[in-house]
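Structure first, commentary second.
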Amino acid sequence: MSAPQILAEAVNKVFRSPDGQEVVALRDIELAVEPGEFVCLLGPSGCGKSTLLNAIAGFSLPNSGRLVANGREVVEPGPDRAMVFQEYALFPWMTVSKNIAFGLEIKGESQDVIDKKVAELLKLLHLSEFANSFPKDLSGGMRQRVAIARVLALDSPILLMDEPFGALDALTRRNLQDEVLRIWMKFRKTILFVTHGIEESIYLADRVVVMTYRPGTVKTIVPITLSRPRDTASPEFNALKRHLTGLVMEEQRRHEEDEIRKG
Amino acid sequence: MPAGTGAAGKRFLQSILIPFVVLALWEGLARAGVINPLILPSPSKVVVRWWAYLKPFQSYDPAQGPYLSWLVSGELLHDAAASLFRVFVGFFIGGGLGLGLGLLMGVSNTVYRLMNPLVQILRPIPPIAFIPLAILWFGLGNPPAFFLISLGAFFPILLNTIAGVRNVDSIYVRAARNLGAKGSVMFRRVILPAAAPHILTGVRVGYGVSFIVVIVAEMIAVNSGLGYRILEAREFFWPDKIIAGMITIGIIGLGIDTLLNKLSNHLLRWHRSLESS
């Protein structure tokens with residue numbers, strides 16, 4: 001078996017809350033994501049799933065343990081671990097084309113290469129007619145398409161997605177989920193996708209990693225073997241949904257009890 | 001369609017109604033002799049005086065030079081040019097320093113901690129309060145005026161630039177780092193444009209203060225320019241010329257502010273708050 005694309009070994013992350021208390025966000029995380037695999041991190045808010053993603057992206061390194069991506073230890077953010085944010089994070093002062101071109105310009109690609117690549121990506125994500133629009137003139141779904149095009153321009157083997165469709169309506173979300181699956185199959189990316197959507201995780205992932213609420217640990221890993229495209233109304237899909245809902249709700253209850261205790 | 005133009009016409013009439021009434025009342029009272037013309041001359045007298053102030057002194061004589069230079073040889077244009085020159089020089093010195101230091105203080109916490117106490121102590125002192133020192137240091141003439149106008153532009157631009165850079169949404173910085181941006185690329189392509197709305201606010205405020213300070217500086221330190229001229233007119237008991245000068249100051253101020261506004265709207269055409277316009 002080949003080396004995993006993303007590897008977390010005994011990863012721990014501790015935050016200090018504003019009132020000086022230590023919050024264990026991640027405890028002893030062990031996770032290996034194989035090349036070309038689509039893995040979802042699933043859990044209630046506060047389970048550390050975004051913390052883990054941010055650590056792999058290099059924004060906030062763990063206190064102990066080891067993170068390896070693309071065969072190299074993670075020490076800083078970089079374009080080999082392209083990230084799609086829930087808040088889109090498009091640069092509002094750049095047009096759609098410029099946003100997509102930005103990573104390529106930093107790499108120092110020639111203008112010809114950039115123009116060609118940007119045109120391809122605009123077409124791939126059905127954005128061609130918005131090439132010269134500013135992000136403020138686009139809908140949420142369109143903005144997230146631009147964000148996806150922007151990270152695809154980097155040719156990163158890994159895509160990190162942090163609740164990318166959390167702010168979108170259900171129909172737009174389904175549309176973009178299919179788009180991501182299409183891109184994943186076309187480019188054979190390794191995708192680590194954070195979500196609190198149970199159905200979303202079953203619809204997308206090869207494996208769903210369920211995380212516990214504080215401290216964030218890997219509760220269990222559920223393989224999804226249904227063939228794609230997946231029928232969300234099928235009995236098998238619903239059986240998985242029932243199983244995962246049970247697991248996630250245990251953690252959600254702990255989350256709510258904690259909220260009540262804190263007042 | 002006619003309803004639309006009718007509504008626009010109505011809005012226009014509404015917007016000029018009050019100025020028109022005030023001017024008519026003023027003119028009427030002045031003509032009726034209710035107001036002493038040495039205290040407040042009638043608007044028509046002010047207009048006549050303004051025209052005399054604007055037009056060339058002598059009639060056109062080809063032997064004296066080209067037509068165009070005769071056309072702009074009037075006192076008003078010279079005064080306006082002198083004032084604008086001072087504003088531009090002062091604004092660029094003060095604004096440039098404010099922008100430079102502001103960017104440094106915004107980006108570097110060390111520079112911020114070192115410089116902020118001094119900035120906070122000097123900031124509340126109005127530039128006008130520096131007049132005695134300015135004359136002591138630079139004598140009379142343009143240098144003290146440049147100094148005072150620079151001060152006027154410096155602080156608004158400095159403070160807005162610091163705020164702009166320090167308040168750049170961290171999501172942009174994270175996204176840019178993820179795309180591989182560092183150092184000067186991060187600064188030029190991300191920090192600077194993200195801070196631009198604040199910086200441009202500083203530019204407009206700084207220009208406004210510069211324009212106030214130039215008039216005051218001209219009343220005290222130099223003997224040319226619009227500020228000097230309206231003070232001179234008072235010595236001669238020419239209230240019509242005082243008001244003509246004031247109106248000129250108002251027109252120029254409004255004109256430059258409109259230009260800056262247009263420039264800022266163009267530079268910030270991507271900005272969310274301009275969505276409706």
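Following the order of the structure tokens, chains are lettered A, B, ..., residues in each are numbered from 1, and ligands are numbered from 1.
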
Next item on the list: At a cut-off of 6 Å, list the chain A residues touching chain B, using only C-alpha atoms, as a PyMOL selection string.
Entry: chain A and resi 77-79+89+93+103+134+136

Checklist line | Members of stretch 179-216 of chain A assigned strand (DSSP E or B) by DSSP, as a ChimeraX atom specification | finding: /A:190-195,207-211,216

Next item on the list: Please run DSSP on the backbone and report, as a ChimeraX atom specification, all residues within stretch 100-220 of chain A that come out as helix (DSSP H, G or I).
Entry: /A:100-107,111-124,128-130,135-137,140-152,170-187,198-204

Margin query: Set the distance at 7 Å and use only C-alpha atoms: which residues neighbour A:Phe15 once local chain neighbours fewer than 5 positions away are removed? I'd like the list as a list of chain:residue names.
Written below: A:Glu22, A:Val23, A:Val24, A:Ala25

Notebook entry, point to check: Which one of A:Pro229, A:Ile198, A:Leu7, A:Asp112 sits closest to A:Gly246 if you count only C-alpha atoms?
Noted result: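 Checking each of A:Pro229, A:Ile198, A:Leu7, A:Asp112 against A:Gly246, counting only C-alpha atoms, the winner is A:Ile198.
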
Any idea what's packed within 9 Å of stretch 165-182 of chain A, counting only C-alpha atoms, ignoring anything in its chain fewer than 4 positions away? Could you give it as a PDB file with C-alpha atoms, in the first residue's frame?
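Output file selection-v1.pdb is given in full below:
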ATOM      1  CA  GLN A  86     -16.873  28.453   4.449  1.00  0.00           C
ATOM      2  CA  GLU A  87     -16.680  32.255   4.166  1.00  0.00           C
ATOM      3  CA  LEU A 125     -16.981  25.694 -13.158  1.00  0.00           C
ATOM      4  CA  GLY A 140     -23.033  32.544  -2.514  1.00  0.00           C
ATOM      5  CA  GLY A 141     -22.989  29.464  -4.724  1.00  0.00           C
ATOM      6  CA  GLN A 144     -17.891  29.153  -3.779  1.00  0.00           C
ATOM      7  CA  ARG A 145     -17.409  28.033  -7.393  1.00  0.00           C
ATOM      8  CA  ILE A 148     -12.990  26.083  -5.867  1.00  0.00           C
ATOM      9  CA  LYS A 186     -11.646  14.126 -12.889  1.00  0.00           C
ATOM     10  CA  PHE A 187      -8.470  15.253 -11.094  1.00  0.00           C
ATOM     11  CA  THR A 195     -19.033  19.157   7.712  1.00  0.00           C
ATOM     12  CA  HIS A 196     -21.739  18.825  10.301  1.00  0.00           C
ATOM     13  CA  GLY A 197     -24.134  17.620   7.612  1.00  0.00           C
ATOM     14  CA  GLU A 200     -23.670  15.488   3.077  1.00  0.00           C
ATOM     15  CA  TYR A 203     -23.346  11.526  -0.073  1.00  0.00           C
ATOM     16  CA  LEU A 204     -19.723  12.519  -0.614  1.00  0.00           C
ATOM     17  CA  PRO A 229     -23.987   8.491  -7.798  1.00  0.00           C
TER      18      PRO A 229
END

Just the residues within 9 Å of B:Thr248, please, counting only C-alpha atoms, with nothing from its chain fewer than 2 positions along; format it as a PDB file with C-alpha atoms, in the first residue's frame.
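In the end it all went to around-v2.pdb:
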ATOM      1  CA  TRP B  50     -16.766  88.270  -7.625  1.00  0.00           C
ATOM      2  CA  LEU B  76      -8.829  85.471  -8.026  1.00  0.00           C
ATOM      3  CA  ALA B  80      -6.678  80.272  -5.974  1.00  0.00           C
ATOM      4  CA  LEU B 226      -7.540  83.165  -0.790  1.00  0.00           C
ATOM      5  CA  ILE B 243     -17.945  86.982   0.703  1.00  0.00           C
ATOM      6  CA  ALA B 244     -16.760  86.612  -2.906  1.00  0.00           C
ATOM      7  CA  GLY B 245     -13.543  85.073  -1.538  1.00  0.00           C
ATOM      8  CA  MET B 246     -15.454  82.793   0.819  1.00  0.00           C
ATOM      9  CA  GLY B 250     -16.355  76.935  -0.972  1.00  0.00           C
ATOM     10  CA  ILE B 251     -16.480  76.179  -4.690  1.00  0.00           C
ATOM     11  CA  ILE B 252     -12.880  74.963  -4.798  1.00  0.00           C
ATOM     12  CA  GLY B 253     -13.331  72.880  -1.664  1.00  0.00           C
TER      13      GLY B 253
END

Checklist line | Computed interatomic separation between atom CA of A:Ile260 and atom CA of A:Ile29 (Å) | finding: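 Distance reported for this atom pair: 27.2 Å.
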
Checklist line | Spatial neighbours of stretch 120-125 of chain B, max dist 12 Å, only C-alpha atoms, sep filter under 3 positions, as a list in words | finding: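 The contact residues come out as Gly98, Tyr112, Arg113, Leu114, Met115, Asn116, Pro117, Ile128, Ala129, Phe130, Ile131, Leu148, Leu151, Gly152, Ala153, Phe154, Phe155, Pro156, Ile157, Leu158 and Leu159 of chain B.
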
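Atom CA of A:Pro135 is positioned 7.8 Å from atom CA of A:Met94.
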